[in-house]
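Q: Provided below: upload38.cif, containing mmCIF, C-alpha atoms and all ligand atoms.
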data_structure
#
loop_
_atom_site.label_atom_id
_atom_site.label_comp_id
_atom_site.auth_asym_id
_atom_site.auth_seq_id
_atom_site.Cartn_x
_atom_site.Cartn_y
_atom_site.Cartn_z
CA MET A 1 0.00 0.00 0.00
CA THR A 2 1.41 3.43 -0.89
CA VAL A 3 0.83 6.49 1.24
CA GLU A 4 0.43 9.93 -0.27
CA PRO A 5 3.35 11.97 1.10
CA LEU A 6 2.12 14.59 3.55
CA TRP A 7 4.96 16.87 2.67
CA ASN A 8 7.64 17.28 0.06
CA THR A 9 10.24 14.70 1.03
CA ASP A 10 13.02 16.77 -0.63
CA HIS A 11 12.16 19.69 1.68
CA PRO A 12 10.65 18.17 4.80
CA PRO A 13 9.50 20.48 7.58
CA ARG A 14 12.25 21.15 10.09
CA GLN A 15 10.12 21.81 13.14
CA GLY A 16 6.45 21.72 14.09
CA LEU A 17 4.47 23.92 16.46
CA GLY A 18 2.61 22.37 19.37
CA LEU A 19 -0.61 24.22 20.14
CA MET A 20 -1.58 22.41 23.35
CA ARG A 21 -1.38 25.57 25.45
CA LEU A 22 -2.90 27.94 22.87
CA ARG A 23 -5.83 29.84 24.40
CA ASP A 24 -7.86 32.91 23.57
CA THR A 25 -6.88 34.81 26.69
CA GLY A 26 -7.90 38.26 25.51
CA ASP A 27 -4.41 39.33 26.64
CA ALA A 28 -3.52 42.75 25.19
CA ASP A 29 0.15 41.66 24.82
CA ALA A 30 0.73 41.27 21.06
CA ASP A 31 3.48 38.73 21.78
CA ARG A 32 0.83 36.44 23.35
CA ASP A 33 -1.90 36.85 20.74
CA PRO A 34 -2.69 33.27 19.61
CA ALA A 35 -3.34 34.31 16.00
CA ALA A 36 -0.04 36.24 15.95
CA VAL A 37 1.83 33.14 17.18
CA VAL A 38 0.30 30.89 14.51
CA HIS A 39 0.76 33.45 11.72
CA ALA A 40 4.37 34.11 12.75
CA ALA A 41 4.99 30.36 12.59
CA LEU A 42 3.54 30.12 9.07
CA ASP A 43 5.54 33.18 8.00
CA LEU A 44 8.70 31.44 9.27
CA GLY A 45 7.85 28.27 7.35
CA ILE A 46 6.66 26.33 10.40
CA ASN A 47 3.49 24.82 9.01
CA VAL A 48 3.03 21.53 10.88
CA LEU A 49 0.50 22.61 13.52
CA ASP A 50 -0.40 20.13 16.25
CA THR A 51 -3.54 20.14 18.36
CA ALA A 52 -5.89 17.52 19.83
CA GLU A 53 -9.52 16.93 20.61
CA MET A 54 -8.41 16.88 24.25
CA TYR A 55 -6.77 20.34 24.16
CA GLY A 56 -10.14 22.07 23.85
CA ASN A 57 -8.84 24.61 21.32
CA GLU A 58 -9.70 23.14 17.93
CA GLU A 59 -12.21 25.92 17.24
CA LEU A 60 -9.57 28.55 18.03
CA VAL A 61 -7.05 26.76 15.80
CA GLY A 62 -9.62 26.50 13.01
CA ARG A 63 -10.44 30.22 13.19
CA THR A 64 -6.77 31.12 13.24
CA ILE A 65 -5.81 29.17 10.13
CA ALA A 66 -9.04 29.83 8.22
CA GLY A 67 -7.48 32.15 5.62
CA ARG A 68 -4.29 30.07 5.27
CA ARG A 69 -5.57 26.48 5.31
CA ASP A 70 -3.57 25.55 2.20
CA GLU A 71 -0.29 26.43 3.94
CA VAL A 72 -0.89 24.21 6.95
CA THR A 73 -0.21 20.55 7.64
CA LEU A 74 -3.01 20.23 10.19
CA CYS A 75 -2.55 17.57 12.84
CA THR A 76 -4.98 16.60 15.56
CA LYS A 77 -5.55 13.63 17.86
CA PHE A 78 -8.49 11.67 19.15
CA GLY A 79 -9.40 9.15 21.76
CA VAL A 80 -8.48 10.69 25.10
CA ARG A 81 -11.15 12.26 27.28
CA TRP A 82 -10.70 13.94 30.61
CA VAL A 83 -12.23 12.21 33.61
CA GLY A 84 -12.31 15.02 36.15
CA SER A 85 -9.26 17.26 35.97
CA GLU A 86 -6.59 14.64 36.76
CA ASP A 87 -7.49 11.39 35.03
CA PHE A 88 -8.41 10.39 31.48
CA SER A 89 -10.06 7.54 29.62
CA VAL A 90 -9.21 6.21 26.15
CA HIS A 91 -11.83 5.67 23.42
CA ALA A 92 -10.28 3.96 20.42
CA ASP A 93 -13.06 1.67 19.13
CA ALA A 94 -14.21 2.11 15.51
CA ALA A 95 -17.37 4.06 16.36
CA SER A 96 -15.42 6.48 18.58
CA VAL A 97 -12.82 7.04 15.83
CA VAL A 98 -15.56 8.09 13.38
CA ALA A 99 -17.42 10.27 15.91
CA SER A 100 -14.24 11.98 17.08
CA CYS A 101 -13.16 12.72 13.53
CA GLU A 102 -16.51 14.30 12.68
CA GLY A 103 -16.24 16.45 15.81
CA SER A 104 -12.70 17.61 15.02
CA LEU A 105 -13.55 18.39 11.38
CA ARG A 106 -16.51 20.50 12.56
CA ARG A 107 -14.59 22.37 15.26
CA LEU A 108 -11.59 22.97 12.99
CA GLY A 109 -13.87 24.03 10.14
CA VAL A 110 -12.03 21.92 7.56
CA ASP A 111 -12.92 19.11 5.17
CA THR A 112 -9.78 17.07 5.82
CA ILE A 113 -7.32 16.53 8.67
CA ASP A 114 -3.81 16.05 7.29
CA LEU A 115 -2.41 13.88 10.08
CA TYR A 116 -4.78 12.18 12.52
CA TYR A 117 -3.32 10.55 15.61
CA LEU A 118 -4.58 8.02 18.09
CA HIS A 119 -3.68 10.07 21.18
CA HIS A 120 -3.02 7.16 23.53
CA ARG A 121 -2.91 3.38 23.28
CA SER A 122 -6.02 1.58 24.49
CA GLU A 123 -6.05 -1.34 26.90
CA ASP A 124 -9.50 -2.36 25.59
CA THR A 125 -9.52 -1.95 21.82
CA PRO A 126 -7.05 -3.90 19.65
CA ILE A 127 -4.98 -1.41 17.68
CA GLU A 128 -5.94 -3.23 14.47
CA GLU A 129 -9.57 -2.13 14.97
CA THR A 130 -8.53 1.48 15.55
CA VAL A 131 -6.22 1.60 12.53
CA THR A 132 -8.75 -0.09 10.25
CA ALA A 133 -11.25 2.63 11.18
CA MET A 134 -8.58 5.29 10.51
CA ALA A 135 -7.78 3.72 7.12
CA ASP A 136 -11.50 3.94 6.28
CA LEU A 137 -11.30 7.68 7.09
CA ILE A 138 -8.46 8.01 4.56
CA ASP A 139 -10.61 6.25 1.95
CA ALA A 140 -13.45 8.65 2.77
CA GLY A 141 -11.13 11.66 2.30
CA LYS A 142 -11.59 12.81 5.91
CA ILE A 143 -7.95 12.37 6.91
CA ARG A 144 -4.77 12.06 4.84
CA ALA A 145 -2.41 10.11 7.08
CA ILE A 146 -2.34 8.02 10.23
CA GLY A 147 -0.39 8.84 13.37
CA LEU A 148 -0.03 7.12 16.74
CA SER A 149 0.95 8.63 20.08
CA ASN A 150 1.81 7.15 23.46
CA VAL A 151 2.15 3.66 22.02
CA THR A 152 4.60 0.78 22.30
CA GLU A 153 6.94 -0.57 19.65
CA GLU A 154 4.69 -3.62 19.37
CA ASP A 155 1.68 -1.34 18.77
CA VAL A 156 3.58 0.34 15.92
CA ARG A 157 4.42 -3.01 14.31
CA ARG A 158 0.83 -4.25 14.56
CA ALA A 159 -0.68 -0.97 13.36
CA HIS A 160 1.74 -0.66 10.44
CA ALA A 161 0.84 -4.18 9.30
CA VAL A 162 -2.77 -2.99 8.86
CA HIS A 163 -1.98 0.35 7.18
CA PRO A 164 1.22 2.42 6.85
CA VAL A 165 1.66 4.71 9.81
CA PHE A 166 3.03 8.12 8.82
CA ALA A 167 4.14 9.41 12.21
CA VAL A 168 4.55 8.36 15.82
CA GLN A 169 4.45 11.18 18.38
CA GLU A 170 6.30 10.54 21.63
CA GLN A 171 7.97 12.67 24.24
CA TRP A 172 11.69 13.11 23.60
CA SER A 173 14.02 15.49 25.32
CA LEU A 174 17.26 15.49 27.29
CA THR A 175 15.17 14.67 30.36
CA SER A 176 12.94 12.05 28.73
CA ARG A 177 14.81 9.46 26.69
CA SER A 178 12.58 6.36 26.80
CA VAL A 179 11.61 6.63 23.11
CA GLU A 180 15.17 5.97 21.92
CA PRO A 181 14.93 2.14 21.77
CA MET A 182 11.92 2.52 19.44
CA LEU A 183 13.79 4.60 16.85
CA PRO A 184 15.16 1.71 14.72
CA THR A 185 11.66 0.23 14.37
CA LEU A 186 10.42 3.59 13.12
CA ALA A 187 13.39 4.06 10.77
CA GLU A 188 12.89 0.59 9.24
CA ARG A 189 9.30 1.53 8.40
CA ASP A 190 10.13 5.14 7.39
CA VAL A 191 7.80 6.40 10.11
CA VAL A 192 8.43 10.01 11.20
CA LEU A 193 9.17 10.43 14.90
CA VAL A 194 7.47 13.60 16.10
CA ALA A 195 9.32 14.55 19.28
CA HIS A 196 6.85 16.31 21.54
CA SER A 197 7.78 18.37 24.61
CA PRO A 198 11.43 18.59 23.47
CA THR A 199 12.29 20.90 26.35
CA GLY A 200 10.65 18.70 29.00
CA HIS A 201 7.48 20.83 29.14
CA GLY A 202 9.67 23.93 29.49
CA VAL A 203 11.98 22.69 32.28
CA LEU A 204 15.02 22.94 30.00
CA HIS A 205 14.35 26.64 29.40
CA ARG A 206 15.14 27.22 33.08
CA SER A 207 18.40 26.60 34.89
CA THR A 208 18.19 23.32 36.79
CA GLY A 209 21.35 23.05 38.91
CA THR A 210 22.18 19.64 37.42
CA SER A 211 25.17 18.56 35.35
CA LEU A 212 22.83 18.70 32.35
CA GLY A 213 21.93 22.27 33.32
CA ALA A 214 25.63 23.17 33.48
CA ALA A 215 26.26 21.60 30.06
CA LEU A 216 23.33 23.47 28.53
CA ALA A 217 24.51 26.77 30.06
CA ASP A 218 28.10 26.36 28.83
CA ILE A 219 27.08 25.40 25.30
CA ALA A 220 24.46 28.15 25.21
CA ASP A 221 27.16 30.69 26.18
CA ALA A 222 29.46 29.37 23.46
CA HIS A 223 26.75 29.92 20.83
CA GLY A 224 25.28 33.11 22.32
CA VAL A 225 21.81 31.60 22.64
CA ALA A 226 19.51 30.51 25.48
CA ALA A 227 19.86 27.10 27.16
CA GLY A 228 16.43 26.00 25.91
CA THR A 229 17.52 26.65 22.33
CA VAL A 230 20.45 24.25 22.84
CA ALA A 231 18.12 21.60 24.32
CA LEU A 232 15.96 21.86 21.23
CA ALA A 233 19.00 21.86 18.93
CA TRP A 234 19.99 18.51 20.47
CA ILE A 235 16.80 16.95 19.05
CA HIS A 236 17.48 18.50 15.63
CA GLU A 237 21.03 17.17 15.84
CA GLN A 238 19.69 13.67 16.60
CA GLY A 239 17.76 13.72 13.32
CA ARG A 240 20.81 14.83 11.33
CA ARG A 241 23.18 12.34 12.97
CA ARG A 242 20.82 9.38 12.69
CA GLY A 243 19.71 10.30 9.15
CA GLN A 244 16.21 9.64 10.38
CA ARG A 245 12.95 11.52 9.93
CA ILE A 246 12.60 13.30 13.28
CA LEU A 247 10.40 16.37 13.69
CA PRO A 248 10.86 18.34 16.92
CA LEU A 249 7.54 19.66 18.23
CA PRO A 250 8.08 22.45 20.74
CA GLY A 251 5.09 24.38 22.04
CA THR A 252 4.86 28.07 22.75
CA THR A 253 2.29 30.80 23.19
CA SER A 254 4.79 33.61 22.51
CA VAL A 255 5.96 35.04 19.20
CA ASN A 256 9.39 35.82 20.67
CA HIS A 257 9.79 32.31 22.05
CA LEU A 258 8.69 30.91 18.71
CA ARG A 259 11.49 32.80 16.94
CA ALA A 260 14.08 31.48 19.40
CA ASN A 261 12.77 27.93 18.98
CA VAL A 262 12.83 28.10 15.18
CA SER A 263 16.48 29.23 15.31
CA ALA A 264 17.39 25.93 17.01
CA ALA A 265 17.00 24.16 13.65
CA ASP A 266 20.10 26.00 12.39
CA LEU A 267 22.19 25.55 15.53
CA HIS A 268 24.76 22.84 14.88
CA LEU A 269 26.39 21.15 17.86
CA ASP A 270 29.89 19.77 17.44
CA ASP A 271 30.71 16.20 18.53
CA ALA A 272 32.02 17.25 21.94
CA GLN A 273 28.93 19.37 22.65
CA PHE A 274 26.56 16.68 21.42
CA ASP A 275 28.29 13.96 23.45
CA ARG A 276 28.42 16.08 26.59
CA LEU A 277 24.68 16.75 26.41
CA THR A 278 23.85 13.14 25.58
CA SER A 279 25.73 11.80 28.58
CA ALA A 280 24.94 14.59 31.08
CA ASP A 281 23.00 13.59 34.21
CA PRO A 282 19.61 15.36 34.18
CA THR A 283 18.82 14.58 37.83
N1 LIG B 301 1.08 13.40 22.32
C1 LIG B 301 1.05 13.76 23.58
O1 LIG B 301 0.63 13.02 24.46
C2 LIG B 301 1.57 15.12 23.93
C3 LIG B 301 1.79 15.46 25.27
C4 LIG B 301 2.29 16.74 25.56
C5 LIG B 301 2.57 17.63 24.51
N2 LIG B 301 2.32 17.26 23.22
C6 LIG B 301 2.58 18.18 22.09
O2 LIG B 301 3.87 18.74 22.24
C7 LIG B 301 3.78 20.17 22.25
C8 LIG B 301 4.84 20.75 23.16
O3 LIG B 301 4.68 20.26 24.46
P1 LIG B 301 4.92 21.13 25.77
O4 LIG B 301 4.38 22.49 25.55
O5 LIG B 301 4.45 20.35 26.92
O6 LIG B 301 6.50 21.12 25.93
P2 LIG B 301 7.75 22.02 25.48
O7 LIG B 301 7.63 22.48 24.09
O8 LIG B 301 8.94 21.21 25.86
O9 LIG B 301 7.69 23.27 26.50
C9 LIG B 301 6.74 24.27 26.41
C10 LIG B 301 6.93 25.20 27.58
O10 LIG B 301 8.17 25.90 27.41
C11 LIG B 301 7.92 27.30 27.32
N3 LIG B 301 8.75 27.82 26.22
C12 LIG B 301 8.70 27.48 24.91
N4 LIG B 301 9.64 28.11 24.21
C13 LIG B 301 10.31 28.89 25.09
C14 LIG B 301 11.41 29.79 24.96
N5 LIG B 301 11.99 30.00 23.77
N6 LIG B 301 11.86 30.41 26.07
C15 LIG B 301 11.28 30.19 27.29
N7 LIG B 301 10.23 29.35 27.46
C16 LIG B 301 9.75 28.71 26.38
C17 LIG B 301 6.45 27.45 27.00
O11 LIG B 301 5.96 28.65 27.53
P3 LIG B 301 5.53 29.87 26.56
O12 LIG B 301 4.18 29.52 26.04
O13 LIG B 301 5.56 31.02 27.50
O14 LIG B 301 6.57 29.97 25.48
C18 LIG B 301 5.85 26.24 27.70
O15 LIG B 301 5.61 26.50 29.05
C19 LIG B 301 2.34 20.45 22.70
O16 LIG B 301 1.90 21.73 22.30
C20 LIG B 301 1.59 19.34 22.03
O17 LIG B 301 1.34 19.68 20.68
C21 LIG B 301 1.84 16.03 22.92
#
Will you turn the file into structure tokens for me?

A:
Amino acid sequence: MTVEPLWNTDHPPRQGLGLMRLRDTGDADADRDPAAVVHAALDLGINVLDTAEMYGNEELVGRTIAGRRDEVTLCTKFGVRWVGSEDFSVHADAASVVASCEGSLRRLGVDTIDLYYLHHRSEDTPIEETVTAMADLIDAGKIRAIGLSNVTEEDVRRAHAVHPVFAVQEQWSLTSRSVEPMLPTLAERDVVLVAHSPTGHGVLHRSTGTSLGAALADIADAHGVAAGTVALAWIHEQGRRRGQRILPLPGTTSVNHLRANVSAADLHLDDAQFDRLTSADPT
């Protein structure tokens, strides 16, 4: 089975923008205006925009991209619902897949979702059922590609045997390394690894008093950038060094922070810097 490429493979996107925290706050600060953040991203060539049914902001995202839909690779996720404010449940059966997709299309105000992710593996529904329902959505023109998030390597193998998976989205940062054993499985199948929370939910933008913090500070000084930019550059460097399709997905609600994050794609770390970061103790 062939999959329609979501983006030009000669010029793949270098970074995505996570919209999990995007809210219409009514804040007068232009730097924090959600539409300004999204438009600045598109102007800088950052067009992979990532939201989720669970983030509660699909309508805002839809309004924001309305005039520029053609420029955006629109990604959203289904299947996770809040239970109270702390816990969540997973709904990945075929009927839920269809209902969730209809809801996201309506809230986003679009005819097609470019990349549709299962947000979290289900203990109840076999992944084959979920992916078969997602493949039917491709056939119906409602989504263009299948993604998985918060899954195991075995889930990826089983899902990919039903229909090619375009991307797997997992947390990856200098403080969260558990995805690394899965990378060869993704590379073998040419699945993009979308590295979410690449600064550990923002922790790596602050000084941490650890040997990792010291390494980030030294390398940041050497390049004249902020420590968080170096942490993000380490993910970009991973993609270059492995020759693997890795898309860092930082999130921000600030135009200025967005600019700093985008600059990380051009920040090259030498071997000594890369090795020091890779082996630094984050605790
Ligand atoms: N699949 C999943 O289960 C899952 C889970 C979590 C996240 N995600 C995705 O990953 C995206 C990113 O996740 P995340 O937001 O948790 O992690 P992150 O990108 O590692 O960190 C974001 C935090 O860092 C701050 N920040 C960003 N750039 C900064 C800069 N240049 N200087 C100083 N502070 C900066 C942000 O605040 P400001 O807004 O003030 O910049 C925010 O508090 C989400 O938007 C979502 O799309 C997916």

Q: Could you list, as JSON, numbers by chain, all protein and nucleic acid residues with an atom at most 7 Å from ligand LIG 301 (chain B), counting all atoms listed in the file?

A: {"A": [17, 18, 19, 20, 21, 50, 51, 119, 120, 149, 150, 169, 170, 171, 196, 197, 198, 199, 200, 201, 202, 203, 205, 228, 229, 249, 250, 251, 252, 253, 254, 257, 258, 260, 261]}

Q: Record the distance separating atom CA of A:Ala161 and atom CA of A:Gly243, expressed in Å with one decimal.

A: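 So the answer is 23.8 Å.
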
Q: When you look at A:Ile138 with a cut-off of 12 Å (counting all atoms listed in the file), what residues show up, excluding the ones that are within fewer than 6 positions of it in the same chain? I need them as a PDB file with C-alpha atoms, in the coordinates of the input.

A:
ATOM      1  CA  VAL A   3       0.830   6.490   1.240  1.00  0.00           C
ATOM      2  CA  GLU A   4       0.430   9.930  -0.270  1.00  0.00           C
ATOM      3  CA  VAL A  98     -15.560   8.090  13.380  1.00  0.00           C
ATOM      4  CA  CYS A 101     -13.160  12.720  13.530  1.00  0.00           C
ATOM      5  CA  ASP A 111     -12.920  19.110   5.170  1.00  0.00           C
ATOM      6  CA  THR A 112      -9.780  17.070   5.820  1.00  0.00           C
ATOM      7  CA  ILE A 113      -7.320  16.530   8.670  1.00  0.00           C
ATOM      8  CA  ASP A 114      -3.810  16.050   7.290  1.00  0.00           C
ATOM      9  CA  LEU A 115      -2.410  13.880  10.080  1.00  0.00           C
ATOM     10  CA  TYR A 116      -4.780  12.180  12.520  1.00  0.00           C
ATOM     11  CA  VAL A 131      -6.220   1.600  12.530  1.00  0.00           C
ATOM     12  CA  THR A 132      -8.750  -0.090  10.250  1.00  0.00           C
ATOM     13  CA  ARG A 144      -4.770  12.060   4.840  1.00  0.00           C
ATOM     14  CA  ALA A 145      -2.410  10.110   7.080  1.00  0.00           C
ATOM     15  CA  ILE A 146      -2.340   8.020  10.230  1.00  0.00           C
ATOM     16  CA  GLY A 147      -0.390   8.840  13.370  1.00  0.00           C
ATOM     17  CA  HIS A 163      -1.980   0.350   7.180  1.00  0.00           C
ATOM     18  CA  PRO A 164       1.220   2.420   6.850  1.00  0.00           C
ATOM     19  CA  VAL A 165       1.660   4.710   9.810  1.00  0.00           C
TER      20      VAL A 165
END

Q: Which of these residues is nearest to A:Leu204, using all atoms listed in the file: A:Leu44, A:Ile143, A:Ala227, A:Leu49?

A: A:Ala227

Q: Can you tell me how far atom CA of A:Arg245 sits from atom CA of A:Arg177, in Å to one decimal?

A: 17.0 Å

Q: Of the candidates A:Ser104, A:Ser173, A:Thr76, A:Thr185, which shows the shortest atom-to-atom distance to A:Leu118, using all atoms listed in the file?

A: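 Nearest candidate to A:Leu118 out of A:Ser104, A:Ser173, A:Thr76, A:Thr185: A:Thr76.
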
Q: Using atom CA of A:Arg106 and atom CA of A:Arg63 as the two end points, give the distance in Å to one decimal.

A: 11.5 Å

Q: Point out the residue among A:Thr130, A:Ser176, A:Gln244, A:Thr125 with the least atom-to-atom distance to A:Val191, counting only C-alpha atoms.

A: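 Using only C-alpha atoms, A:Val191 sits closest to A:Gln244.
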
Q: Reconstruct stretch 163-183 of chain A at the level of N, CA and C atoms, and format the result as a PDB file, in the coordinates of the input.

A:
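Saved the output as selection_15.pdb:
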ATOM      1  N   HIS A 163      -2.059  -0.795   8.105  1.00  0.00           N
ATOM      2  CA  HIS A 163      -1.980   0.350   7.180  1.00  0.00           C
ATOM      3  C   HIS A 163      -0.718   1.137   7.525  1.00  0.00           C
ATOM      4  N   PRO A 164       0.014   1.650   6.517  1.00  0.00           N
ATOM      5  CA  PRO A 164       1.220   2.420   6.850  1.00  0.00           C
ATOM      6  C   PRO A 164       0.919   3.564   7.816  1.00  0.00           C
ATOM      7  N   VAL A 165       1.759   3.633   8.832  1.00  0.00           N
ATOM      8  CA  VAL A 165       1.660   4.710   9.810  1.00  0.00           C
ATOM      9  C   VAL A 165       2.623   5.799   9.361  1.00  0.00           C
ATOM     10  N   PHE A 166       2.163   7.036   9.288  1.00  0.00           N
ATOM     11  CA  PHE A 166       3.030   8.120   8.820  1.00  0.00           C
ATOM     12  C   PHE A 166       3.940   8.623   9.928  1.00  0.00           C
ATOM     13  N   ALA A 167       3.357   8.796  11.128  1.00  0.00           N
ATOM     14  CA  ALA A 167       4.140   9.410  12.210  1.00  0.00           C
ATOM     15  C   ALA A 167       3.772   8.798  13.558  1.00  0.00           C
ATOM     16  N   VAL A 168       4.768   8.736  14.418  1.00  0.00           N
ATOM     17  CA  VAL A 168       4.550   8.360  15.820  1.00  0.00           C
ATOM     18  C   VAL A 168       4.994   9.556  16.648  1.00  0.00           C
ATOM     19  N   GLN A 169       4.130   9.999  17.555  1.00  0.00           N
ATOM     20  CA  GLN A 169       4.450  11.180  18.380  1.00  0.00           C
ATOM     21  C   GLN A 169       4.690  10.726  19.818  1.00  0.00           C
ATOM     22  N   GLU A 170       5.922  10.941  20.265  1.00  0.00           N
ATOM     23  CA  GLU A 170       6.300  10.540  21.630  1.00  0.00           C
ATOM     24  C   GLU A 170       7.121  11.669  22.243  1.00  0.00           C
ATOM     25  N   GLN A 171       7.145  11.676  23.566  1.00  0.00           N
ATOM     26  CA  GLN A 171       7.970  12.670  24.240  1.00  0.00           C
ATOM     27  C   GLN A 171       9.443  12.315  24.055  1.00  0.00           C
ATOM     28  N   TRP A 172      10.251  13.329  23.705  1.00  0.00           N
ATOM     29  CA  TRP A 172      11.690  13.110  23.600  1.00  0.00           C
ATOM     30  C   TRP A 172      12.416  14.399  23.929  1.00  0.00           C
ATOM     31  N   SER A 173      13.215  14.330  24.934  1.00  0.00           N
ATOM     32  CA  SER A 173      14.020  15.490  25.320  1.00  0.00           C
ATOM     33  C   SER A 173      15.212  14.970  26.103  1.00  0.00           C
ATOM     34  N   LEU A 174      16.096  15.879  26.490  1.00  0.00           N
ATOM     35  CA  LEU A 174      17.260  15.490  27.290  1.00  0.00           C
ATOM     36  C   LEU A 174      16.862  14.959  28.664  1.00  0.00           C
ATOM     37  N   THR A 175      15.622  15.208  29.067  1.00  0.00           N
ATOM     38  CA  THR A 175      15.170  14.670  30.360  1.00  0.00           C
ATOM     39  C   THR A 175      14.200  13.506  30.186  1.00  0.00           C
ATOM     40  N   SER A 176      13.917  13.119  28.968  1.00  0.00           N
ATOM     41  CA  SER A 176      12.940  12.050  28.730  1.00  0.00           C
ATOM     42  C   SER A 176      13.393  11.255  27.510  1.00  0.00           C
ATOM     43  N   ARG A 177      14.082  10.140  27.769  1.00  0.00           N
ATOM     44  CA  ARG A 177      14.810   9.460  26.690  1.00  0.00           C
ATOM     45  C   ARG A 177      14.214   8.096  26.341  1.00  0.00           C
ATOM     46  N   SER A 178      13.046   7.752  26.924  1.00  0.00           N
ATOM     47  CA  SER A 178      12.580   6.360  26.800  1.00  0.00           C
ATOM     48  C   SER A 178      12.161   5.984  25.377  1.00  0.00           C
ATOM     49  N   VAL A 179      12.004   6.963  24.482  1.00  0.00           N
ATOM     50  CA  VAL A 179      11.610   6.630  23.110  1.00  0.00           C
ATOM     51  C   VAL A 179      12.794   6.060  22.310  1.00  0.00           C
ATOM     52  N   GLU A 180      14.010   6.279  22.765  1.00  0.00           N
ATOM     53  CA  GLU A 180      15.170   5.970  21.920  1.00  0.00           C
ATOM     54  C   GLU A 180      15.237   4.508  21.437  1.00  0.00           C
ATOM     55  N   PRO A 181      14.889   3.514  22.284  1.00  0.00           N
ATOM     56  CA  PRO A 181      14.930   2.140  21.770  1.00  0.00           C
ATOM     57  C   PRO A 181      13.947   1.879  20.619  1.00  0.00           C
ATOM     58  N   MET A 182      12.923   2.726  20.494  1.00  0.00           N
ATOM     59  CA  MET A 182      11.920   2.520  19.440  1.00  0.00           C
ATOM     60  C   MET A 182      12.386   3.055  18.074  1.00  0.00           C
ATOM     61  N   LEU A 183      13.430   3.883  18.077  1.00  0.00           N
ATOM     62  CA  LEU A 183      13.790   4.600  16.850  1.00  0.00           C
ATOM     63  C   LEU A 183      14.125   3.676  15.674  1.00  0.00           C
TER      64      LEU A 183
END
